[in-house]
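As stored in work_21.csv (CSV, N, CA and C atoms):
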chain,number,residue,atom,x,y,z
A,1,MET,N,30.7,-3.5,29.3
A,1,MET,CA,31.5,-4.7,29.2
A,1,MET,C,31.8,-5.2,30.7
A,2,LYS,N,31.5,-6.4,30.9
A,2,LYS,CA,31.8,-7.0,32.2
A,2,LYS,C,33.3,-7.4,32.3
A,3,GLY,N,33.8,-7.6,33.5
A,3,GLY,CA,35.2,-7.9,33.8
A,3,GLY,C,35.7,-9.1,33.0
A,4,LEU,N,34.9,-10.2,33.1
A,4,LEU,CA,35.4,-11.4,32.4
A,4,LEU,C,35.4,-11.2,30.9
A,5,GLU,N,34.4,-10.5,30.3
A,5,GLU,CA,34.4,-10.2,28.9
A,5,GLU,C,35.7,-9.4,28.5
A,6,PHE,N,36.1,-8.5,29.3
A,6,PHE,CA,37.3,-7.7,29.1
A,6,PHE,C,38.5,-8.6,29.1
A,7,VAL,N,38.6,-9.5,30.0
A,7,VAL,CA,39.7,-10.5,30.1
A,7,VAL,C,39.8,-11.3,28.8
A,8,PHE,N,38.7,-11.8,28.3
A,8,PHE,CA,38.7,-12.5,27.0
A,8,PHE,C,39.2,-11.6,25.9
A,9,LEU,N,38.6,-10.4,25.8
A,9,LEU,CA,39.0,-9.5,24.7
A,9,LEU,C,40.5,-9.2,24.8
A,10,ALA,N,41.0,-8.9,26.0
A,10,ALA,CA,42.4,-8.5,26.2
A,10,ALA,C,43.3,-9.7,25.9
A,11,ALA,N,43.0,-10.9,26.3
A,11,ALA,CA,43.8,-12.0,26.1
A,11,ALA,C,43.9,-12.3,24.6
A,12,GLY,N,42.8,-12.2,23.9
A,12,GLY,CA,42.9,-12.4,22.4
A,12,GLY,C,43.7,-11.3,21.7
A,13,SER,N,43.5,-10.1,22.2
A,13,SER,CA,44.2,-9.0,21.6
A,13,SER,C,45.7,-9.1,21.8
A,14,VAL,N,46.1,-9.4,23.0
A,14,VAL,CA,47.5,-9.6,23.2
A,14,VAL,C,48.2,-10.7,22.4
A,15,LEU,N,47.5,-11.8,22.3
A,15,LEU,CA,48.0,-12.9,21.4
A,15,LEU,C,48.1,-12.5,20.0
A,16,GLY,N,47.0,-11.9,19.5
A,16,GLY,CA,47.0,-11.5,18.1
A,16,GLY,C,48.0,-10.5,17.8
A,17,ALA,N,48.2,-9.5,18.6
A,17,ALA,CA,49.2,-8.4,18.4
A,17,ALA,C,50.6,-9.0,18.5
A,18,PHE,N,50.8,-9.9,19.4
A,18,PHE,CA,52.2,-10.6,19.5
A,18,PHE,C,52.5,-11.3,18.2
A,19,LEU,N,51.5,-12.1,17.7
A,19,LEU,CA,51.8,-12.9,16.5
A,19,LEU,C,52.0,-12.0,15.3
A,20,ARG,N,51.2,-10.9,15.2
A,20,ARG,CA,51.5,-9.9,14.1
A,20,ARG,C,52.8,-9.3,14.3
A,21,TYR,N,53.2,-9.0,15.4
A,21,TYR,CA,54.6,-8.4,15.6
A,21,TYR,C,55.7,-9.4,15.2
A,22,LYS,N,55.5,-10.6,15.6
A,22,LYS,CA,56.5,-11.6,15.2
A,22,LYS,C,56.6,-11.9,13.7
A,23,VAL,N,55.4,-11.9,13.0
A,23,VAL,CA,55.4,-12.1,11.6
A,23,VAL,C,55.9,-10.9,10.8
A,24,THR,N,55.7,-9.7,11.4
A,24,THR,CA,56.0,-8.4,10.6
A,24,THR,C,57.3,-7.8,11.1
A,25,GLU,N,58.0,-8.4,12.1
A,25,GLU,CA,59.2,-7.7,12.6
A,25,GLU,C,60.4,-7.7,11.6
A,26,SER,N,60.5,-8.7,10.8
A,26,SER,CA,61.5,-8.7,9.7
A,26,SER,C,60.8,-8.5,8.4
A,27,PRO,N,61.0,-7.3,7.7
A,27,PRO,CA,60.4,-7.0,6.5
A,27,PRO,C,60.6,-8.1,5.4
A,28,LEU,N,59.5,-8.6,4.8
A,28,LEU,CA,59.6,-9.5,3.8
A,28,LEU,C,59.0,-8.9,2.5
A,29,ILE,N,59.9,-8.6,1.6
A,29,ILE,CA,59.5,-7.8,0.4
A,29,ILE,C,59.8,-8.7,-0.8
A,30,PHE,N,58.8,-8.7,-1.7
A,30,PHE,CA,58.9,-9.4,-3.0
A,30,PHE,C,58.9,-8.3,-4.1
A,31,ASN,N,60.0,-8.0,-4.7
A,31,ASN,CA,60.2,-6.9,-5.6
A,31,ASN,C,59.9,-5.7,-4.7
A,32,THR,N,58.8,-5.0,-4.9
A,32,THR,CA,58.5,-3.8,-4.0
A,32,THR,C,57.2,-4.1,-3.2
A,33,LEU,N,56.7,-5.3,-3.3
A,33,LEU,CA,55.5,-5.7,-2.7
A,33,LEU,C,55.7,-6.2,-1.2
A,34,PRO,N,55.2,-5.5,-0.2
A,34,PRO,CA,55.4,-5.9,1.2
A,34,PRO,C,54.5,-7.1,1.5
A,35,LEU,N,55.1,-8.2,1.8
A,35,LEU,CA,54.3,-9.5,2.0
A,35,LEU,C,53.9,-9.7,3.5
A,36,ASN,N,54.6,-9.1,4.4
A,36,ASN,CA,54.3,-9.4,5.9
A,36,ASN,C,52.8,-9.1,6.2
A,37,VAL,N,52.4,-7.9,5.8
A,37,VAL,CA,51.0,-7.5,6.1
A,37,VAL,C,50.0,-8.3,5.4
A,38,LEU,N,50.3,-8.7,4.1
A,38,LEU,CA,49.5,-9.6,3.4
A,38,LEU,C,49.3,-10.9,4.1
A,39,ILE,N,50.4,-11.4,4.6
A,39,ILE,CA,50.4,-12.7,5.3
A,39,ILE,C,49.5,-12.7,6.5
A,40,VAL,N,49.7,-11.7,7.4
A,40,VAL,CA,48.9,-11.6,8.6
A,40,VAL,C,47.4,-11.4,8.2
A,41,ASN,N,47.1,-10.6,7.2
A,41,ASN,CA,45.7,-10.4,6.8
A,41,ASN,C,45.0,-11.6,6.3
A,42,VAL,N,45.8,-12.4,5.5
A,42,VAL,CA,45.2,-13.6,5.0
A,42,VAL,C,45.0,-14.7,6.0
A,43,ILE,N,46.0,-14.8,6.9
A,43,ILE,CA,46.0,-15.8,8.0
A,43,ILE,C,44.8,-15.5,8.9
A,44,GLY,N,44.7,-14.2,9.3
A,44,GLY,CA,43.7,-13.7,10.2
A,44,GLY,C,42.3,-14.0,9.6
A,45,ALA,N,42.1,-13.7,8.3
A,45,ALA,CA,40.8,-14.0,7.7
A,45,ALA,C,40.5,-15.5,7.6
A,46,PHE,N,41.5,-16.3,7.4
A,46,PHE,CA,41.3,-17.7,7.4
A,46,PHE,C,40.9,-18.2,8.8
A,47,ILE,N,41.6,-17.8,9.8
A,47,ILE,CA,41.2,-18.2,11.2
A,47,ILE,C,39.8,-17.7,11.5
A,48,LEU,N,39.5,-16.5,11.1
A,48,LEU,CA,38.1,-16.0,11.4
A,48,LEU,C,37.1,-16.8,10.7
A,49,GLY,N,37.3,-17.2,9.4
A,49,GLY,CA,36.4,-18.1,8.7
A,49,GLY,C,36.2,-19.4,9.5
A,50,ILE,N,37.2,-20.0,10.0
A,50,ILE,CA,37.1,-21.2,10.8
A,50,ILE,C,36.3,-21.0,12.0
A,51,PHE,N,36.6,-19.9,12.7
A,51,PHE,CA,36.0,-19.6,14.0
A,51,PHE,C,34.5,-19.3,13.8
A,52,ILE,N,34.1,-18.7,12.7
A,52,ILE,CA,32.7,-18.4,12.5
A,52,ILE,C,31.9,-19.7,12.4
A,53,VAL,N,32.4,-20.7,11.7
A,53,VAL,CA,31.7,-22.0,11.5
A,53,VAL,C,31.6,-22.7,12.9
A,54,VAL,N,32.8,-22.7,13.6
A,54,VAL,CA,32.8,-23.4,14.9
A,54,VAL,C,31.9,-22.7,15.9
A,55,SER,N,31.9,-21.4,15.9
A,55,SER,CA,31.0,-20.7,16.8
A,55,SER,C,29.5,-21.0,16.5
A,56,GLU,N,29.1,-21.0,15.2
A,56,GLU,CA,27.7,-21.3,14.9
A,56,GLU,C,27.4,-22.7,15.2
A,57,GLN,N,28.3,-23.6,14.8
A,57,GLN,CA,28.0,-25.0,15.0
A,57,GLN,C,27.8,-25.4,16.5
A,58,TRP,N,28.7,-24.9,17.3
A,58,TRP,CA,28.8,-25.3,18.7
A,58,TRP,C,28.0,-24.3,19.6
A,59,ASN,N,27.4,-23.3,19.0
A,59,ASN,CA,26.7,-22.2,19.8
A,59,ASN,C,27.6,-21.7,20.9
A,60,LEU,N,28.8,-21.2,20.6
A,60,LEU,CA,29.7,-20.7,21.6
A,60,LEU,C,29.2,-19.4,22.2
A,61,ASP,N,29.5,-19.3,23.5
A,61,ASP,CA,29.2,-18.1,24.2
A,61,ASP,C,29.9,-16.9,23.5
A,62,GLY,N,29.3,-15.7,23.6
A,62,GLY,CA,29.8,-14.5,23.0
A,62,GLY,C,31.2,-14.1,23.5
A,63,ARG,N,31.6,-14.6,24.6
A,63,ARG,CA,33.0,-14.3,25.1
A,63,ARG,C,34.0,-14.8,24.2
A,64,TYR,N,33.7,-16.0,23.6
A,64,TYR,CA,34.7,-16.6,22.7
A,64,TYR,C,34.9,-15.7,21.4
A,65,SER,N,33.8,-15.1,21.0
A,65,SER,CA,33.9,-14.1,19.9
A,65,SER,C,34.8,-12.9,20.3
A,66,LEU,N,34.6,-12.5,21.5
A,66,LEU,CA,35.5,-11.4,22.0
A,66,LEU,C,36.9,-11.8,21.9
A,67,PHE,N,37.2,-13.0,22.3
A,67,PHE,CA,38.6,-13.6,22.3
A,67,PHE,C,39.1,-13.8,20.9
A,68,ALA,N,38.4,-14.6,20.1
A,68,ALA,CA,38.9,-15.0,18.8
A,68,ALA,C,38.7,-14.0,17.7
A,69,ALA,N,37.5,-13.6,17.5
A,69,ALA,CA,37.2,-12.8,16.4
A,69,ALA,C,37.6,-11.3,16.5
A,70,ILE,N,37.2,-10.7,17.6
A,70,ILE,CA,37.5,-9.3,17.8
A,70,ILE,C,38.9,-9.1,18.4
A,71,GLY,N,39.2,-9.9,19.4
A,71,GLY,CA,40.6,-9.7,20.0
A,71,GLY,C,41.7,-10.3,19.2
A,72,PHE,N,41.7,-11.6,19.0
A,72,PHE,CA,42.8,-12.2,18.3
A,72,PHE,C,42.9,-11.8,16.8
A,73,CYS,N,41.8,-12.1,16.0
A,73,CYS,CA,41.9,-11.7,14.6
A,73,CYS,C,41.9,-10.2,14.4
A,74,GLY,N,41.2,-9.5,15.2
A,74,GLY,CA,41.3,-8.0,15.1
A,74,GLY,C,42.7,-7.5,15.3
A,75,SER,N,43.4,-8.0,16.2
A,75,SER,CA,44.8,-7.6,16.5
A,75,SER,C,45.8,-8.2,15.6
A,76,LEU,N,45.5,-9.4,15.1
A,76,LEU,CA,46.5,-10.0,14.1
A,76,LEU,C,46.4,-9.3,12.8
A,77,THR,N,45.2,-9.0,12.3
A,77,THR,CA,45.1,-8.4,11.0
A,77,THR,C,45.3,-6.9,11.1
A,78,THR,N,45.6,-6.2,10.0
A,78,THR,CA,46.0,-4.8,10.1
A,78,THR,C,45.6,-4.0,8.9
A,79,MET,N,44.5,-3.3,9.0
A,79,MET,CA,44.1,-2.4,7.9
A,79,MET,C,45.0,-1.2,7.8
A,80,SER,N,45.4,-0.7,9.0
A,80,SER,CA,46.3,0.5,9.0
A,80,SER,C,47.6,0.3,8.3
A,81,SER,N,48.3,-0.8,8.6
A,81,SER,CA,49.5,-1.1,7.9
A,81,SER,C,49.4,-1.4,6.5
A,82,PHE,N,48.3,-2.0,6.1
A,82,PHE,CA,47.9,-2.2,4.7
A,82,PHE,C,47.8,-0.8,4.0
A,83,ALA,N,47.1,0.1,4.7
A,83,ALA,CA,46.9,1.5,4.1
A,83,ALA,C,48.3,2.2,4.0
A,84,LEU,N,49.1,2.0,5.0
A,84,LEU,CA,50.4,2.7,5.0
A,84,LEU,C,51.3,2.1,3.9
A,85,ASP,N,51.3,0.8,3.8
A,85,ASP,CA,52.1,0.2,2.7
A,85,ASP,C,51.6,0.7,1.3
A,86,SER,N,50.3,0.7,1.2
A,86,SER,CA,49.7,1.2,-0.1
A,86,SER,C,50.0,2.6,-0.4
A,87,SER,N,50.0,3.5,0.6
A,87,SER,CA,50.3,4.9,0.5
A,87,SER,C,51.8,5.0,0.1
A,88,ASN,N,52.7,4.3,0.7
A,88,ASN,CA,54.1,4.3,0.4
A,88,ASN,C,54.4,3.9,-1.1
A,89,LEU,N,53.6,2.9,-1.5
A,89,LEU,CA,53.8,2.4,-2.9
A,89,LEU,C,53.3,3.5,-3.9
A,90,LEU,N,52.2,4.2,-3.5
A,90,LEU,CA,51.7,5.3,-4.3
A,90,LEU,C,52.7,6.5,-4.4
A,91,GLU,N,53.2,6.8,-3.2
A,91,GLU,CA,54.2,8.0,-3.2
A,91,GLU,C,55.4,7.7,-3.9
A,92,ASN,N,55.8,6.4,-4.0
A,92,ASN,CA,57.0,6.0,-4.8
A,92,ASN,C,56.7,5.6,-6.2
A,93,SER,N,55.5,5.9,-6.7
A,93,SER,CA,55.1,5.7,-8.1
A,93,SER,C,55.2,4.2,-8.5
A,94,HIS,N,55.0,3.3,-7.6
A,94,HIS,CA,54.9,1.9,-7.9
A,94,HIS,C,53.5,1.5,-8.1
A,95,TYR,N,52.9,2.0,-9.2
A,95,TYR,CA,51.5,1.8,-9.4
A,95,TYR,C,51.0,0.4,-9.6
A,96,GLY,N,51.8,-0.4,-10.4
A,96,GLY,CA,51.5,-1.8,-10.6
A,96,GLY,C,51.5,-2.6,-9.3
A,97,THR,N,52.5,-2.3,-8.5
A,97,THR,CA,52.7,-3.0,-7.2
A,97,THR,C,51.5,-2.6,-6.3
A,98,LEU,N,51.2,-1.3,-6.3
A,98,LEU,CA,50.1,-0.8,-5.5
A,98,LEU,C,48.8,-1.6,-5.9
A,99,ALA,N,48.5,-1.7,-7.2
A,99,ALA,CA,47.3,-2.4,-7.6
A,99,ALA,C,47.3,-3.9,-7.1
A,100,ILE,N,48.5,-4.5,-7.2
A,100,ILE,CA,48.7,-5.9,-6.8
A,100,ILE,C,48.4,-6.0,-5.3
A,101,ASN,N,49.0,-5.0,-4.5
A,101,ASN,CA,48.9,-5.0,-3.1
A,101,ASN,C,47.4,-4.9,-2.7
A,102,ILE,N,46.7,-4.0,-3.3
A,102,ILE,CA,45.3,-3.8,-3.0
A,102,ILE,C,44.4,-5.1,-3.3
A,103,VAL,N,44.6,-5.6,-4.5
A,103,VAL,CA,43.8,-6.8,-5.0
A,103,VAL,C,44.2,-8.0,-4.1
A,104,ALA,N,45.5,-8.1,-3.8
A,104,ALA,CA,46.0,-9.3,-3.0
A,104,ALA,C,45.4,-9.2,-1.6
A,105,ASN,N,45.6,-8.1,-1.0
A,105,ASN,CA,45.1,-8.0,0.4
A,105,ASN,C,43.6,-8.2,0.5
A,106,ILE,N,42.8,-7.6,-0.3
A,106,ILE,CA,41.4,-7.7,-0.3
A,106,ILE,C,40.9,-9.0,-0.8
A,107,GLY,N,41.4,-9.4,-2.0
A,107,GLY,CA,40.9,-10.6,-2.6
A,107,GLY,C,41.3,-11.9,-1.9
A,108,LEU,N,42.6,-11.9,-1.5
A,108,LEU,CA,43.1,-13.1,-0.8
A,108,LEU,C,42.5,-13.2,0.6
A,109,SER,N,42.3,-12.1,1.3
A,109,SER,CA,41.6,-12.1,2.6
A,109,SER,C,40.2,-12.6,2.5
A,110,ILE,N,39.5,-12.2,1.5
A,110,ILE,CA,38.1,-12.7,1.4
A,110,ILE,C,38.1,-14.1,1.0
A,111,GLY,N,39.0,-14.5,0.1
A,111,GLY,CA,39.2,-15.9,-0.3
A,111,GLY,C,39.5,-16.8,0.9
A,112,ALA,N,40.4,-16.3,1.7
A,112,ALA,CA,40.9,-17.0,2.9
A,112,ALA,C,39.7,-17.2,3.9
A,113,LEU,N,38.9,-16.2,4.1
A,113,LEU,CA,37.8,-16.3,5.0
A,113,LEU,C,36.8,-17.3,4.4
A,114,ILE,N,36.5,-17.3,3.2
A,114,ILE,CA,35.6,-18.2,2.5
A,114,ILE,C,36.2,-19.6,2.6
A,115,GLY,N,37.5,-19.7,2.4
A,115,GLY,CA,38.2,-21.0,2.5
A,115,GLY,C,38.2,-21.6,3.9
A,116,GLY,N,38.4,-20.8,4.9
A,116,GLY,CA,38.3,-21.2,6.2
A,116,GLY,C,36.9,-21.7,6.6
A,117,LYS,N,35.9,-21.0,6.2
A,117,LYS,CA,34.5,-21.4,6.4
A,117,LYS,C,34.2,-22.7,5.7
A,118,SER,N,34.7,-22.8,4.5
A,118,SER,CA,34.4,-24.0,3.7
A,118,SER,C,35.1,-25.2,4.3
A,119,LEU,N,36.4,-25.0,4.7
A,119,LEU,CA,37.1,-26.2,5.2
A,119,LEU,C,36.5,-26.6,6.5
A,120,MET,N,36.2,-25.7,7.4
A,120,MET,CA,35.6,-26.1,8.7
A,120,MET,C,34.2,-26.7,8.5
A,121,SER,N,33.4,-26.2,7.6
A,121,SER,CA,32.1,-26.8,7.3
A,121,SER,C,32.3,-28.2,6.8
A,122,ALA,N,33.3,-28.5,6.0
A,122,ALA,CA,33.5,-29.8,5.5
A,122,ALA,C,34.0,-30.7,6.6
A,123,ILE,N,34.8,-30.3,7.4
A,123,ILE,CA,35.3,-31.1,8.6
A,123,ILE,C,34.2,-31.4,9.5
A,124,ILE,N,33.4,-30.4,9.8
A,124,ILE,CA,32.3,-30.7,10.8
A,124,ILE,C,31.2,-31.6,10.2
A,125,SER,N,30.9,-31.5,8.9
A,125,SER,CA,29.9,-32.3,8.3
A,125,SER,C,30.3,-33.7,8.1
A,126,ASN,N,31.5,-34.1,8.3
A,126,ASN,CA,32.0,-35.5,8.1
A,126,ASN,C,31.9,-36.2,9.4

Please lay out the structure from this file as structure tokens.
Amino acid sequence: MKGLEFVFLAAGSVLGAFLRYKVTESPLIFNTLPLNVLIVNVIGAFILGIFIVVSEQWNLDGRYSLFAAIGFCGSLTTMSSFALDSSNLLENSHYGTLAINIVANIGLSIGALIGGKSLMSAIISN
């Protein structure tokens, strides 16, 4: 990795991690379902969907992928916190909430990515 590529990756990572920290610093719980991690995962997937279309359409340099996709979205979203929340729900016998958490994080994130791609495709084609 060259120096400038590292700068792009680092800048995106810092911004993504900061935004995740701000969104998750105050726990947001609905019944026993942790919403903060779900929110950052869905937002990150949506942004990634938008970026994929923009990157392909405008033939962006790979450094922008380091910044936006790997750095920003990679640091914003969090599989490890999702796994921890799911493990805690399992340990506390909240099986229904665990199932909702798994389906929501995976399903809504995939839906958000597809939605971001679709929205940006529609915007660009007009």

Contacts of region 31-63 of chain A with region 67-88 of chain A up to 6.5 Å, shortest pair per row, only N, CA and C atoms, as JSON lines:
{"residue": "A:Val37", "atom": "CA", "partner": "A:Phe82", "partner_atom": "N", "distance": 6.1}
{"residue": "A:Val40", "atom": "C", "partner": "A:Thr77", "partner_atom": "CA", "distance": 4.7}
{"residue": "A:Asn41", "atom": "CA", "partner": "A:Thr77", "partner_atom": "CA", "distance": 4.7}
{"residue": "A:Gly44", "atom": "CA", "partner": "A:Cys73", "partner_atom": "CA", "distance": 5.2}
{"residue": "A:Leu48", "atom": "CA", "partner": "A:Ala69", "partner_atom": "CA", "distance": 6.0}
{"residue": "A:Gly62", "atom": "C", "partner": "A:Phe67", "partner_atom": "N", "distance": 6.2}
{"residue": "A:Arg63", "atom": "C", "partner": "A:Phe67", "partner_atom": "N", "distance": 4.1}

Completion exercise
re CA of Ile110 (chain A) and CA of Val7 (chain A): distance 28.8 Å

Problem - Residues of region 4-123 of chain A in strand (DSSP E), written as a PyMOL selection string - result: chain A and resi 29-30+33-34

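With only C-alpha atoms as the basis for measurement, A:Asn31 is the residue among A:Gly116, A:Asn31, A:Asn126, A:Leu108 that approaches Gly96 (chain A) most closely.
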
Fill in the blank from the handout: From the list A:Asn105, A:Thr97, A:Ser13, A:Gln57, the nearest residue to Ile123 (chain A) using only C-alpha atoms is A:Gln57

Handout entry: For CA of Leu35 (chain A) and atom C of Leu15 (chain A), the interatomic separation in Å (one decimal)
Key = 19.3 Å

Exercise for the section: Would you mind reading off the distance between CA of Gly12 (chain A) and CA of Ser26 (chain A), one decimal, in Å? Expected result: 22.8 Å

Problem - Test item: residues at most 8 Å from Gly111 (chain A), all atoms listed in the file, excluding those fewer than 5 positions along its chain, as a count of residues only - result: 7

Completion exercise
Judged by only N, CA and C atoms, the minimum distance to Ala104 (chain A) among A:Lys2, A:Leu38, A:Ile50, A:Asn92 is found for A:Leu38

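Taking only N, CA and C atoms into account, Ser109 (chain A) lies nearest to A:Ile43 out of the set A:Ile124, A:Glu91, A:Leu66, A:Ile43.
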
Exercise for the section: Go through region 7-86 of chain A and collect every residue that DSSP, computed from the backbone, puts in helix (DSSP H, G or I); the answer should be as number ranges by chain. Expected result: A: 7-24, 35-58, 62-76, 79-86
